[in-house]
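Q: First, the structure itself, so that you have it in front of you.
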Amino acid sequence: NPGNLNSGAQAYSANQFDKPVAAQSQVVNSKLLSGLTAQQCGFGNNNNWLVGGSTKTGTVTLLALANASKEIVTVSIDLYSNSGKLNNQDLKNISVNAQSERIIALSGFYNDGEASIVVNVKSDLIPIFSFLQESEVKGAKAIGVTTTSGFPLLKKQLIFPGAISANEEEAHDSSKNKDLEFEEHDHGSSLRVITVGEKPANGKVILLDEIGNRLTTFPLKILPKKVFNFALPKVDTERVTVLVQSSEPITAGIFSQLVGSNEVTKDFNWLSPSNQLGKKFIFATPSEANPSLSLTNYGNAKQVSLLNENGNRQDIFLSSRNTKVVNLQAGQLYQIDNADGIFANIAYFSDSFLSQYPLNFSNNQNDKIWVSLR
């Protein structure tokens with residue numbers, strides 16, 4: 001069921017296992033915001049990790065907390081940056097009223113200059129919906145906006161199917177790692193990662209092409225409770241599957257920018273990791289910017305079926321470690337059959353827009369879906 005939320009915004013919803021599912025998108029063009037932001041609207045969690053955001057000059061990072069229940073929810077927020085964990089009592093025991101939303105500007109909590117951010121949102125017995133929005137303005141021109149939702153778990157292996165690869169001609173050599181110094185990248189794609197235990201995390205980042213061939217590998221070494229950014233090397237393909245393996249549980253996100261020929265950023269995006277889908281999965285595509293679906297299989301070879309609301313069926317064979325990119329119709333409901341073990345992302349990618357998000361649902365299924373547009 002398509003719904004017009006406000007000018008330039010669309011939401012689409014369906015039912016899966018008698019629970020609502022939805023997707024939403026918003027095209028914005030103003031002095032403060034410009035670009036396309038899209039998200040699947042998932043279920044709430046009691047523990048959310050959000051990778052994205054910055055406090056550098058010209059950026060605004062907002063944390064949206066949404067409570068769909070009929071009771072007040074108490075939330076505690078932990079912020080991590082390249083300097084470590086921020087201890088601030090103002091972020092503890094935050095109340096979110098029943099069936100309401102609370103917006104927190106994160107830049108006001110940092111006084112040590114520019115910082116890259118990872119956010120951990122914990123609620124009491126009632127799951128909370130959390131969204132992170134980052135926007136940037138250079139001079140008087142808005143150059144991009146992105147929204148990301150929370151990832152519920154820290155894992156030793158993270159998968160990003162079909163991530164948009166770097167736009168720049170020469171990426172920073174991430175393998176040198178500059179003695180673990182923080183690096184800020186103005187163009188291209190980068191990986192932001194954190195481990196929050198007591199031990200350093202050692203591992204590797206692997207970039208794979210669509211048929212599972214290894215394009216490049218670089219080592220991963222990060223100190224606990226500090227945020228690190230690594231530029232992804234330039235490769236000769238538009239989409240790559242990024243596999244992050246670590247000795248300790250981590251969370252991560254991939255930042256990509258759409259850069260024009262005059263090196264002016266047109267839009268940017270934060271992509272969260274993907275969880276494995278269930279046997280049957282229903283999703284919606286908002287009516288913007290040529291949607292496509294990336295499917296990655298890390299199990300045994302299998303065939304999945306993609307059906308849209310008009311009854312059209314497409315059978316897709318996925319060998320092991322195989323990624324397929326399928327073009328979709330905008331404003332449609334889709335169903336993937338035999339999808340168990342598959343990782344998936346939706347992308348909206350054009351000359352003017354860049355937005356990408358994973359098809360993820362948690363095990364904590366609420367009776368309500370919350371759409372947050374800012």
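Residues in the structure tokens are named by chain (A, B, ... in the order shown) and by number from 1 within that chain; ligands are numbered from 1 in the order shown.
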Hey, what's within 9 Å of region 248-255 of chain A if we count only C-alpha atoms and toss same-chain stuff fewer than 2 positions away? As a short mmCIF file (atom, residue, chain, number, x, y, z; two decimals) with all heavy atoms, in the first residue's frame, please?
A:
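What landed in selection_7.cif:
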data_model
loop_
_atom_site.label_atom_id
_atom_site.label_comp_id
_atom_site.auth_asym_id
_atom_site.auth_seq_id
_atom_site.Cartn_x
_atom_site.Cartn_y
_atom_site.Cartn_z
N TRP A 49 23.07 -0.90 17.36
CA TRP A 49 24.35 -0.29 17.00
C TRP A 49 24.17 0.47 15.70
O TRP A 49 23.72 -0.10 14.69
CB TRP A 49 25.44 -1.35 16.85
CG TRP A 49 25.85 -1.94 18.16
CD1 TRP A 49 25.34 -3.05 18.76
CD2 TRP A 49 26.85 -1.43 19.05
NE1 TRP A 49 25.95 -3.28 19.96
CE2 TRP A 49 26.89 -2.30 20.17
CE3 TRP A 49 27.71 -0.35 19.00
CZ2 TRP A 49 27.77 -2.10 21.22
CZ3 TRP A 49 28.58 -0.14 20.06
CH2 TRP A 49 28.60 -1.02 21.15
N LEU A 50 24.51 1.76 15.70
CA LEU A 50 24.36 2.60 14.52
C LEU A 50 25.72 3.16 14.15
O LEU A 50 26.35 3.86 14.95
CB LEU A 50 23.37 3.74 14.78
CG LEU A 50 21.95 3.30 15.13
CD1 LEU A 50 21.70 3.52 16.62
CD2 LEU A 50 20.93 4.07 14.32
N VAL A 51 26.17 2.85 12.95
CA VAL A 51 27.47 3.30 12.46
C VAL A 51 27.23 4.41 11.44
O VAL A 51 26.57 4.20 10.42
CB VAL A 51 28.26 2.15 11.82
CG1 VAL A 51 29.58 2.66 11.25
CG2 VAL A 51 28.51 1.04 12.84
N GLY A 52 27.77 5.57 11.72
CA GLY A 52 27.60 6.71 10.82
C GLY A 52 27.60 8.00 11.61
O GLY A 52 27.55 8.00 12.85
N VAL A 118 30.14 6.18 16.33
CA VAL A 118 29.36 4.96 16.41
C VAL A 118 28.47 5.09 17.63
O VAL A 118 28.93 5.51 18.70
CB VAL A 118 30.24 3.70 16.50
CG1 VAL A 118 29.39 2.47 16.80
CG2 VAL A 118 31.03 3.50 15.21
N PHE A 151 21.78 -1.86 13.82
CA PHE A 151 22.14 -3.26 13.63
C PHE A 151 22.22 -3.88 15.02
O PHE A 151 22.95 -3.38 15.88
CB PHE A 151 23.47 -3.36 12.90
CG PHE A 151 23.83 -4.76 12.45
CD1 PHE A 151 23.14 -5.35 11.41
CD2 PHE A 151 24.84 -5.48 13.06
CE1 PHE A 151 23.46 -6.64 10.97
CE2 PHE A 151 25.16 -6.76 12.65
CZ PHE A 151 24.47 -7.34 11.59
N LEU A 153 23.42 -6.66 16.54
CA LEU A 153 24.41 -7.57 17.11
C LEU A 153 25.84 -7.15 16.76
O LEU A 153 26.09 -6.58 15.69
CB LEU A 153 24.18 -9.00 16.59
CG LEU A 153 22.85 -9.67 16.96
CD1 LEU A 153 22.73 -10.99 16.22
CD2 LEU A 153 22.74 -9.87 18.45
N LEU A 154 26.77 -7.48 17.66
CA LEU A 154 28.19 -7.46 17.33
C LEU A 154 28.57 -8.86 16.85
O LEU A 154 28.21 -9.86 17.47
CB LEU A 154 29.02 -7.09 18.56
CG LEU A 154 28.82 -5.68 19.12
CD1 LEU A 154 29.57 -5.53 20.42
CD2 LEU A 154 29.26 -4.63 18.13
N LYS A 155 29.31 -8.94 15.75
CA LYS A 155 29.65 -10.23 15.16
C LYS A 155 31.12 -10.28 14.79
O LYS A 155 31.77 -9.24 14.61
CB LYS A 155 28.80 -10.50 13.91
CG LYS A 155 27.30 -10.66 14.18
CD LYS A 155 26.57 -11.01 12.90
CE LYS A 155 25.11 -11.29 13.15
NZ LYS A 155 24.40 -11.67 11.91
N LYS A 156 31.64 -11.50 14.61
CA LYS A 156 33.02 -11.68 14.16
C LYS A 156 33.11 -11.71 12.64
O LYS A 156 34.22 -11.64 12.10
CB LYS A 156 33.61 -12.96 14.75
CG LYS A 156 33.83 -12.90 16.25
CD LYS A 156 34.54 -14.15 16.76
CE LYS A 156 34.81 -14.04 18.25
NZ LYS A 156 35.54 -15.24 18.77
N GLN A 157 31.98 -11.82 11.95
CA GLN A 157 31.98 -11.76 10.48
C GLN A 157 30.79 -10.92 10.03
O GLN A 157 29.66 -11.18 10.41
CB GLN A 157 31.92 -13.14 9.86
CG GLN A 157 31.85 -13.12 8.33
CD GLN A 157 32.06 -14.48 7.71
OE1 GLN A 157 33.17 -14.99 7.71
NE2 GLN A 157 31.01 -15.06 7.16
N LEU A 158 31.06 -9.91 9.21
CA LEU A 158 30.03 -9.03 8.68
C LEU A 158 30.07 -9.07 7.16
O LEU A 158 31.16 -9.12 6.56
CB LEU A 158 30.24 -7.59 9.16
CG LEU A 158 30.24 -7.37 10.67
CD1 LEU A 158 30.60 -5.93 10.99
CD2 LEU A 158 28.90 -7.73 11.28
N PHE A 160 28.56 -7.25 3.54
CA PHE A 160 27.91 -6.14 2.86
C PHE A 160 27.75 -6.53 1.39
O PHE A 160 28.69 -6.38 0.60
CB PHE A 160 28.73 -4.85 2.95
CG PHE A 160 28.99 -4.37 4.35
CD1 PHE A 160 30.03 -4.90 5.10
CD2 PHE A 160 28.20 -3.39 4.91
CE1 PHE A 160 30.29 -4.45 6.39
CE2 PHE A 160 28.44 -2.93 6.20
CZ PHE A 160 29.48 -3.46 6.94
N ALA A 163 27.98 -3.63 -2.33
CA ALA A 163 28.24 -2.25 -1.92
C ALA A 163 28.76 -1.43 -3.09
O ALA A 163 29.48 -1.94 -3.95
CB ALA A 163 29.25 -2.23 -0.77
N GLY A 188 35.13 8.78 -2.34
CA GLY A 188 35.25 7.34 -2.42
C GLY A 188 34.47 6.62 -1.33
O GLY A 188 33.56 7.15 -0.71
N SER A 189 34.84 5.36 -1.09
CA SER A 189 34.17 4.51 -0.11
C SER A 189 35.12 4.16 1.01
O SER A 189 36.30 3.94 0.79
CB SER A 189 33.68 3.22 -0.79
OG SER A 189 32.75 3.51 -1.81
N SER A 190 34.59 4.09 2.23
CA SER A 190 35.43 3.75 3.37
C SER A 190 34.64 2.86 4.33
O SER A 190 33.40 2.85 4.33
CB SER A 190 35.93 5.01 4.09
OG SER A 190 34.85 5.78 4.57
N LEU A 191 35.38 2.13 5.14
CA LEU A 191 34.81 1.24 6.14
C LEU A 191 35.05 1.84 7.52
O LEU A 191 36.19 2.17 7.86
CB LEU A 191 35.46 -0.15 6.04
CG LEU A 191 35.05 -1.16 7.11
CD1 LEU A 191 33.66 -1.72 6.82
CD2 LEU A 191 36.08 -2.30 7.19
N ARG A 192 34.00 1.98 8.32
CA ARG A 192 34.12 2.42 9.71
C ARG A 192 33.84 1.22 10.60
O ARG A 192 32.82 0.53 10.41
CB ARG A 192 33.16 3.56 10.02
CG ARG A 192 33.26 4.07 11.46
CD ARG A 192 32.35 5.27 11.68
NE ARG A 192 32.77 6.40 10.87
CZ ARG A 192 32.15 7.58 10.86
NH1 ARG A 192 31.09 7.77 11.63
NH2 ARG A 192 32.58 8.56 10.09
N VAL A 193 34.70 0.97 11.58
CA VAL A 193 34.59 -0.26 12.37
C VAL A 193 34.99 0.00 13.81
O VAL A 193 35.81 0.89 14.10
CB VAL A 193 35.47 -1.38 11.73
CG1 VAL A 193 36.92 -0.97 11.71
CG2 VAL A 193 35.29 -2.70 12.45
N ILE A 194 34.38 -0.77 14.73
CA ILE A 194 34.70 -0.65 16.14
C ILE A 194 34.54 -2.00 16.82
O ILE A 194 33.69 -2.82 16.42
CB ILE A 194 33.79 0.40 16.84
CG1 ILE A 194 34.26 0.66 18.28
CG2 ILE A 194 32.34 -0.03 16.82
CD1 ILE A 194 33.51 1.78 18.97
N THR A 195 35.38 -2.26 17.82
CA THR A 195 35.17 -3.37 18.75
C THR A 195 35.09 -2.76 20.14
O THR A 195 35.83 -1.83 20.47
CB THR A 195 36.30 -4.41 18.67
OG1 THR A 195 36.02 -5.48 19.58
CG2 THR A 195 37.65 -3.82 19.00
N VAL A 196 34.19 -3.28 20.97
CA VAL A 196 33.95 -2.63 22.27
C VAL A 196 34.30 -3.53 23.45
O VAL A 196 33.96 -3.22 24.59
CB VAL A 196 32.48 -2.16 22.39
CG1 VAL A 196 32.20 -1.07 21.39
CG2 VAL A 196 31.51 -3.33 22.22
N GLY A 197 34.99 -4.64 23.18
CA GLY A 197 35.48 -5.47 24.28
C GLY A 197 36.74 -4.90 24.87
O GLY A 197 37.08 -3.73 24.71
N LYS A 199 39.80 -6.45 24.31
CA LYS A 199 40.94 -6.89 23.50
C LYS A 199 40.96 -6.18 22.15
O LYS A 199 39.91 -5.87 21.59
CB LYS A 199 40.87 -8.39 23.27
CG LYS A 199 40.92 -9.25 24.52
CD LYS A 199 40.81 -10.71 24.15
CE LYS A 199 40.84 -11.60 25.39
NZ LYS A 199 40.71 -13.04 25.03
N PRO A 200 42.15 -5.94 21.57
CA PRO A 200 42.22 -5.46 20.19
C PRO A 200 41.65 -6.50 19.24
O PRO A 200 41.66 -7.70 19.52
CB PRO A 200 43.73 -5.25 19.96
CG PRO A 200 44.34 -5.20 21.31
CD PRO A 200 43.49 -6.06 22.20
N ALA A 201 41.14 -6.04 18.12
CA ALA A 201 40.60 -6.93 17.10
C ALA A 201 41.56 -7.01 15.93
O ALA A 201 42.00 -5.98 15.39
CB ALA A 201 39.23 -6.44 16.62
N ASN A 202 41.90 -8.22 15.53
CA ASN A 202 42.73 -8.46 14.36
C ASN A 202 41.91 -9.26 13.35
O ASN A 202 41.19 -10.18 13.72
CB ASN A 202 43.98 -9.25 14.74
CG ASN A 202 44.87 -8.48 15.69
OD1 ASN A 202 45.45 -7.46 15.33
ND2 ASN A 202 44.96 -8.95 16.92
N GLY A 203 42.05 -8.90 12.11
CA GLY A 203 41.30 -9.61 11.08
C GLY A 203 41.67 -9.12 9.70
O GLY A 203 42.80 -8.65 9.48
N VAL A 244 34.01 -8.72 6.14
CA VAL A 244 34.87 -8.28 7.23
C VAL A 244 34.95 -9.40 8.26
O VAL A 244 33.93 -9.82 8.81
CB VAL A 244 34.33 -6.99 7.89
CG1 VAL A 244 35.30 -6.48 8.95
CG2 VAL A 244 34.07 -5.91 6.85
N GLN A 245 36.16 -9.89 8.51
CA GLN A 245 36.38 -10.97 9.47
C GLN A 245 37.28 -10.47 10.59
O GLN A 245 38.27 -9.78 10.35
CB GLN A 245 37.02 -12.17 8.78
CG GLN A 245 36.14 -12.79 7.69
CD GLN A 245 36.83 -13.90 6.94
OE1 GLN A 245 38.05 -13.93 6.83
NE2 GLN A 245 36.04 -14.83 6.40
N SER A 246 36.93 -10.83 11.84
CA SER A 246 37.64 -10.28 12.98
C SER A 246 37.79 -11.33 14.07
O SER A 246 36.96 -12.24 14.21
CB SER A 246 36.87 -9.07 13.53
OG SER A 246 37.40 -8.64 14.77
N GLN A 257 30.31 7.80 -1.46
CA GLN A 257 29.93 9.10 -1.98
C GLN A 257 29.74 9.04 -3.48
O GLN A 257 30.46 8.33 -4.18
CB GLN A 257 30.99 10.15 -1.66
CG GLN A 257 30.98 10.61 -0.21
CD GLN A 257 31.91 11.78 0.03
OE1 GLN A 257 32.96 11.86 -0.59
NE2 GLN A 257 31.55 12.67 0.92
N PHE A 268 25.52 11.04 -0.59
CA PHE A 268 26.34 10.05 0.08
C PHE A 268 25.45 9.12 0.87
O PHE A 268 24.26 9.36 1.07
CB PHE A 268 27.43 10.69 0.95
CG PHE A 268 26.92 11.68 1.96
CD1 PHE A 268 26.38 11.27 3.17
CD2 PHE A 268 27.02 13.04 1.71
CE1 PHE A 268 25.92 12.18 4.10
CE2 PHE A 268 26.57 13.97 2.64
CZ PHE A 268 26.02 13.53 3.84
N ASN A 269 26.03 8.02 1.36
CA ASN A 269 25.23 6.98 1.98
C ASN A 269 26.04 6.19 3.00
O ASN A 269 27.22 5.93 2.80
CB ASN A 269 24.71 6.02 0.90
CG ASN A 269 23.88 4.89 1.49
OD1 ASN A 269 22.74 5.10 1.90
ND2 ASN A 269 24.42 3.69 1.52
N TRP A 270 25.40 5.82 4.13
CA TRP A 270 25.94 4.86 5.07
C TRP A 270 25.19 3.55 4.91
O TRP A 270 23.96 3.52 4.91
CB TRP A 270 25.79 5.36 6.51
CG TRP A 270 26.90 6.26 6.94
CD1 TRP A 270 26.84 7.61 7.12
CD2 TRP A 270 28.23 5.87 7.26
NE1 TRP A 270 28.07 8.09 7.52
CE2 TRP A 270 28.94 7.04 7.61
CE3 TRP A 270 28.91 4.66 7.27
CZ2 TRP A 270 30.28 7.03 7.97
CZ3 TRP A 270 30.24 4.64 7.64
CH2 TRP A 270 30.91 5.82 7.99
N LEU A 271 25.93 2.45 4.77
CA LEU A 271 25.34 1.12 4.59
C LEU A 271 25.66 0.26 5.80
O LEU A 271 26.82 0.12 6.19
CB LEU A 271 25.89 0.46 3.32
CG LEU A 271 25.47 -0.98 3.05
CD1 LEU A 271 23.96 -1.08 2.87
CD2 LEU A 271 26.19 -1.52 1.82
N SER A 272 24.63 -0.36 6.41
CA SER A 272 24.81 -1.27 7.54
C SER A 272 25.04 -2.68 7.03
O SER A 272 24.72 -3.01 5.89
CB SER A 272 23.56 -1.24 8.43
OG SER A 272 23.31 0.05 8.93
N PRO A 273 25.57 -3.58 7.88
CA PRO A 273 25.74 -4.98 7.47
C PRO A 273 24.39 -5.64 7.24
O PRO A 273 23.35 -5.17 7.69
CB PRO A 273 26.47 -5.62 8.65
CG PRO A 273 26.97 -4.50 9.48
CD PRO A 273 26.06 -3.35 9.25
#
Q: Go ahead and compute the interatomic distance for CA of Ser34 (chain A) and CA of Thr146 (chain A), in Å to one decimal.
A: 9.6 Å
Q: Measuring between only C-alpha atoms, which one of A:Glu309, A:Asp209, A:Glu101, A:Glu134 shows the shortest distance to Arg321 (chain A)?
A: A:Asp209
Q: List every residue of region 29-167 of chain A that DSSP, applied to the backbone of this structure, places in strand (DSSP E), and write the result as a PyMOL selection string.
A: chain A and resi 29+34-41+47-54+59-67+73-81+84-86+94-96+100-105+116-123+129-138+141-149+155-164
Q: Counting only C-alpha atoms, what is within 7 Å of Gln133 (chain A), bar same-chain residues fewer than 6 positions away, as a PDB file with all heavy atoms, in the first residue's frame?
A:
ATOM      1  N   THR A  61      24.407  15.576  12.615  1.00  0.00           N
ATOM      2  CA  THR A  61      24.039  14.199  12.877  1.00  0.00           C
ATOM      3  C   THR A  61      22.949  14.167  13.927  1.00  0.00           C
ATOM      4  O   THR A  61      23.143  14.669  15.040  1.00  0.00           O
ATOM      5  CB  THR A  61      25.250  13.372  13.346  1.00  0.00           C
ATOM      6  OG1 THR A  61      26.273  13.425  12.350  1.00  0.00           O
ATOM      7  CG2 THR A  61      24.859  11.933  13.575  1.00  0.00           C
ATOM      8  N   LEU A  62      21.808  13.585  13.569  1.00  0.00           N
ATOM      9  CA  LEU A  62      20.654  13.504  14.451  1.00  0.00           C
ATOM     10  C   LEU A  62      20.352  12.042  14.762  1.00  0.00           C
ATOM     11  O   LEU A  62      20.345  11.202  13.861  1.00  0.00           O
ATOM     12  CB  LEU A  62      19.425  14.148  13.809  1.00  0.00           C
ATOM     13  CG  LEU A  62      19.540  15.616  13.390  1.00  0.00           C
ATOM     14  CD1 LEU A  62      18.260  16.055  12.695  1.00  0.00           C
ATOM     15  CD2 LEU A  62      19.825  16.499  14.596  1.00  0.00           C
ATOM     16  N   LEU A  63      20.087  11.749  16.024  1.00  0.00           N
ATOM     17  CA  LEU A  63      19.637  10.433  16.451  1.00  0.00           C
ATOM     18  C   LEU A  63      18.151  10.510  16.750  1.00  0.00           C
ATOM     19  O   LEU A  63      17.717  11.294  17.602  1.00  0.00           O
ATOM     20  CB  LEU A  63      20.403   9.980  17.700  1.00  0.00           C
ATOM     21  CG  LEU A  63      19.939   8.660  18.326  1.00  0.00           C
ATOM     22  CD1 LEU A  63      20.168   7.486  17.374  1.00  0.00           C
ATOM     23  CD2 LEU A  63      20.651   8.427  19.654  1.00  0.00           C
ATOM     24  N   THR A 146      21.853  11.164   4.429  1.00  0.00           N
ATOM     25  CA  THR A 146      21.703   9.713   4.511  1.00  0.00           C
ATOM     26  C   THR A 146      21.077   9.346   5.840  1.00  0.00           C
ATOM     27  O   THR A 146      21.233  10.063   6.833  1.00  0.00           O
ATOM     28  CB  THR A 146      23.049   8.995   4.343  1.00  0.00           C
ATOM     29  OG1 THR A 146      22.840   7.579   4.358  1.00  0.00           O
ATOM     30  CG2 THR A 146      24.011   9.350   5.455  1.00  0.00           C
ATOM     31  N   THR A 147      20.335   8.248   5.848  1.00  0.00           N
ATOM     32  CA  THR A 147      19.711   7.730   7.061  1.00  0.00           C
ATOM     33  C   THR A 147      20.090   6.268   7.225  1.00  0.00           C
ATOM     34  O   THR A 147      20.090   5.515   6.245  1.00  0.00           O
ATOM     35  CB  THR A 147      18.175   7.850   6.987  1.00  0.00           C
ATOM     36  OG1 THR A 147      17.809   9.184   6.681  1.00  0.00           O
ATOM     37  CG2 THR A 147      17.542   7.465   8.311  1.00  0.00           C
ATOM     38  N   THR A 148      20.419   5.862   8.446  1.00  0.00           N
ATOM     39  CA  THR A 148      20.727   4.465   8.703  1.00  0.00           C
ATOM     40  C   THR A 148      19.975   4.007   9.934  1.00  0.00           C
ATOM     41  O   THR A 148      19.692   4.793  10.833  1.00  0.00           O
ATOM     42  CB  THR A 148      22.240   4.244   8.889  1.00  0.00           C
ATOM     43  OG1 THR A 148      22.506   2.857   9.063  1.00  0.00           O
ATOM     44  CG2 THR A 148      22.761   4.991  10.106  1.00  0.00           C
TER      45      THR A 148
END
Q: Excluding Ser30 (chain A) and any residue of its chain fewer than 2 positions from it, enumerate the residues within 9 Å of it, using only C-alpha atoms, and give them as a ChimeraX atom specification.
A: /A:28,32-34,141-142
Q: Those selected residues, please, written with N, CA and C atoms and delivered as a PDB file, in the first residue's frame.
A:
ATOM      1  N   VAL A  28      14.902  15.113  -1.051  1.00  0.00           N
ATOM      2  CA  VAL A  28      14.914  16.444  -0.455  1.00  0.00           C
ATOM      3  C   VAL A  28      15.830  17.353  -1.264  1.00  0.00           C
ATOM      4  N   LEU A  32      19.332  23.243   3.427  1.00  0.00           N
ATOM      5  CA  LEU A  32      19.958  22.461   4.483  1.00  0.00           C
ATOM      6  C   LEU A  32      20.114  20.989   4.142  1.00  0.00           C
ATOM      7  N   LEU A  33      19.234  20.440   3.302  1.00  0.00           N
ATOM      8  CA  LEU A  33      19.268  19.020   2.961  1.00  0.00           C
ATOM      9  C   LEU A  33      19.129  18.852   1.467  1.00  0.00           C
ATOM     10  N   SER A  34      19.890  17.898   0.916  1.00  0.00           N
ATOM     11  CA  SER A  34      19.787  17.613  -0.506  1.00  0.00           C
ATOM     12  C   SER A  34      20.182  16.167  -0.746  1.00  0.00           C
ATOM     13  N   LYS A 141      25.645  25.466   0.188  1.00  0.00           N
ATOM     14  CA  LYS A 141      25.099  24.390  -0.622  1.00  0.00           C
ATOM     15  C   LYS A 141      25.000  23.093   0.173  1.00  0.00           C
ATOM     16  N   ALA A 142      23.801  22.513   0.200  1.00  0.00           N
ATOM     17  CA  ALA A 142      23.614  21.190   0.802  1.00  0.00           C
ATOM     18  C   ALA A 142      24.112  20.136  -0.175  1.00  0.00           C
TER      19      ALA A 142
END
Q: Quick one: pull the distance between CA of Glu198 (chain A) and CA of Leu91 (chain A), Å, one decimal.
A: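 We find that CA of Glu198 (chain A) and CA of Leu91 (chain A) lie 22.4 Å from each other.
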Q: Could you name the residues that touch Gly44 (chain A) at 6 Å or less, counting only C-alpha atoms, but leaving out those on the same chain fewer than 3 positions away, as a PyMOL selection string?
A: chain A and resi 127-129
Q: Got time to write the residues from that selection, all heavy atoms, as a PDB file, in the first residue's frame?
A:
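Below you can see part-v3.pdb, which holds the result:
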ATOM      1  N   PRO A 127      11.340  -2.788  23.205  1.00  0.00           N
ATOM      2  CA  PRO A 127      12.223  -2.457  22.084  1.00  0.00           C
ATOM      3  C   PRO A 127      12.021  -1.016  21.622  1.00  0.00           C
ATOM      4  O   PRO A 127      10.923  -0.464  21.687  1.00  0.00           O
ATOM      5  CB  PRO A 127      11.803  -3.455  21.001  1.00  0.00           C
ATOM      6  CG  PRO A 127      11.159  -4.583  21.738  1.00  0.00           C
ATOM      7  CD  PRO A 127      10.465  -3.946  22.906  1.00  0.00           C
ATOM      8  N   ILE A 128      13.100  -0.424  21.133  1.00  0.00           N
ATOM      9  CA  ILE A 128      13.080   0.950  20.636  1.00  0.00           C
ATOM     10  C   ILE A 128      13.484   0.952  19.168  1.00  0.00           C
ATOM     11  O   ILE A 128      14.272   0.121  18.725  1.00  0.00           O
ATOM     12  CB  ILE A 128      14.031   1.851  21.475  1.00  0.00           C
ATOM     13  CG1 ILE A 128      13.783   3.338  21.194  1.00  0.00           C
ATOM     14  CG2 ILE A 128      15.490   1.493  21.213  1.00  0.00           C
ATOM     15  CD1 ILE A 128      12.622   3.897  21.956  1.00  0.00           C
ATOM     16  N   PHE A 129      12.907   1.861  18.406  1.00  0.00           N
ATOM     17  CA  PHE A 129      13.329   2.087  17.026  1.00  0.00           C
ATOM     18  C   PHE A 129      14.362   3.212  17.036  1.00  0.00           C
ATOM     19  O   PHE A 129      14.127   4.255  17.657  1.00  0.00           O
ATOM     20  CB  PHE A 129      12.146   2.499  16.145  1.00  0.00           C
ATOM     21  CG  PHE A 129      11.061   1.476  16.048  1.00  0.00           C
ATOM     22  CD1 PHE A 129      10.132   1.338  17.056  1.00  0.00           C
ATOM     23  CD2 PHE A 129      10.974   0.650  14.939  1.00  0.00           C
ATOM     24  CE1 PHE A 129       9.114   0.400  16.968  1.00  0.00           C
ATOM     25  CE2 PHE A 129       9.964  -0.296  14.854  1.00  0.00           C
ATOM     26  CZ  PHE A 129       9.032  -0.425  15.865  1.00  0.00           C
TER      27      PHE A 129
END
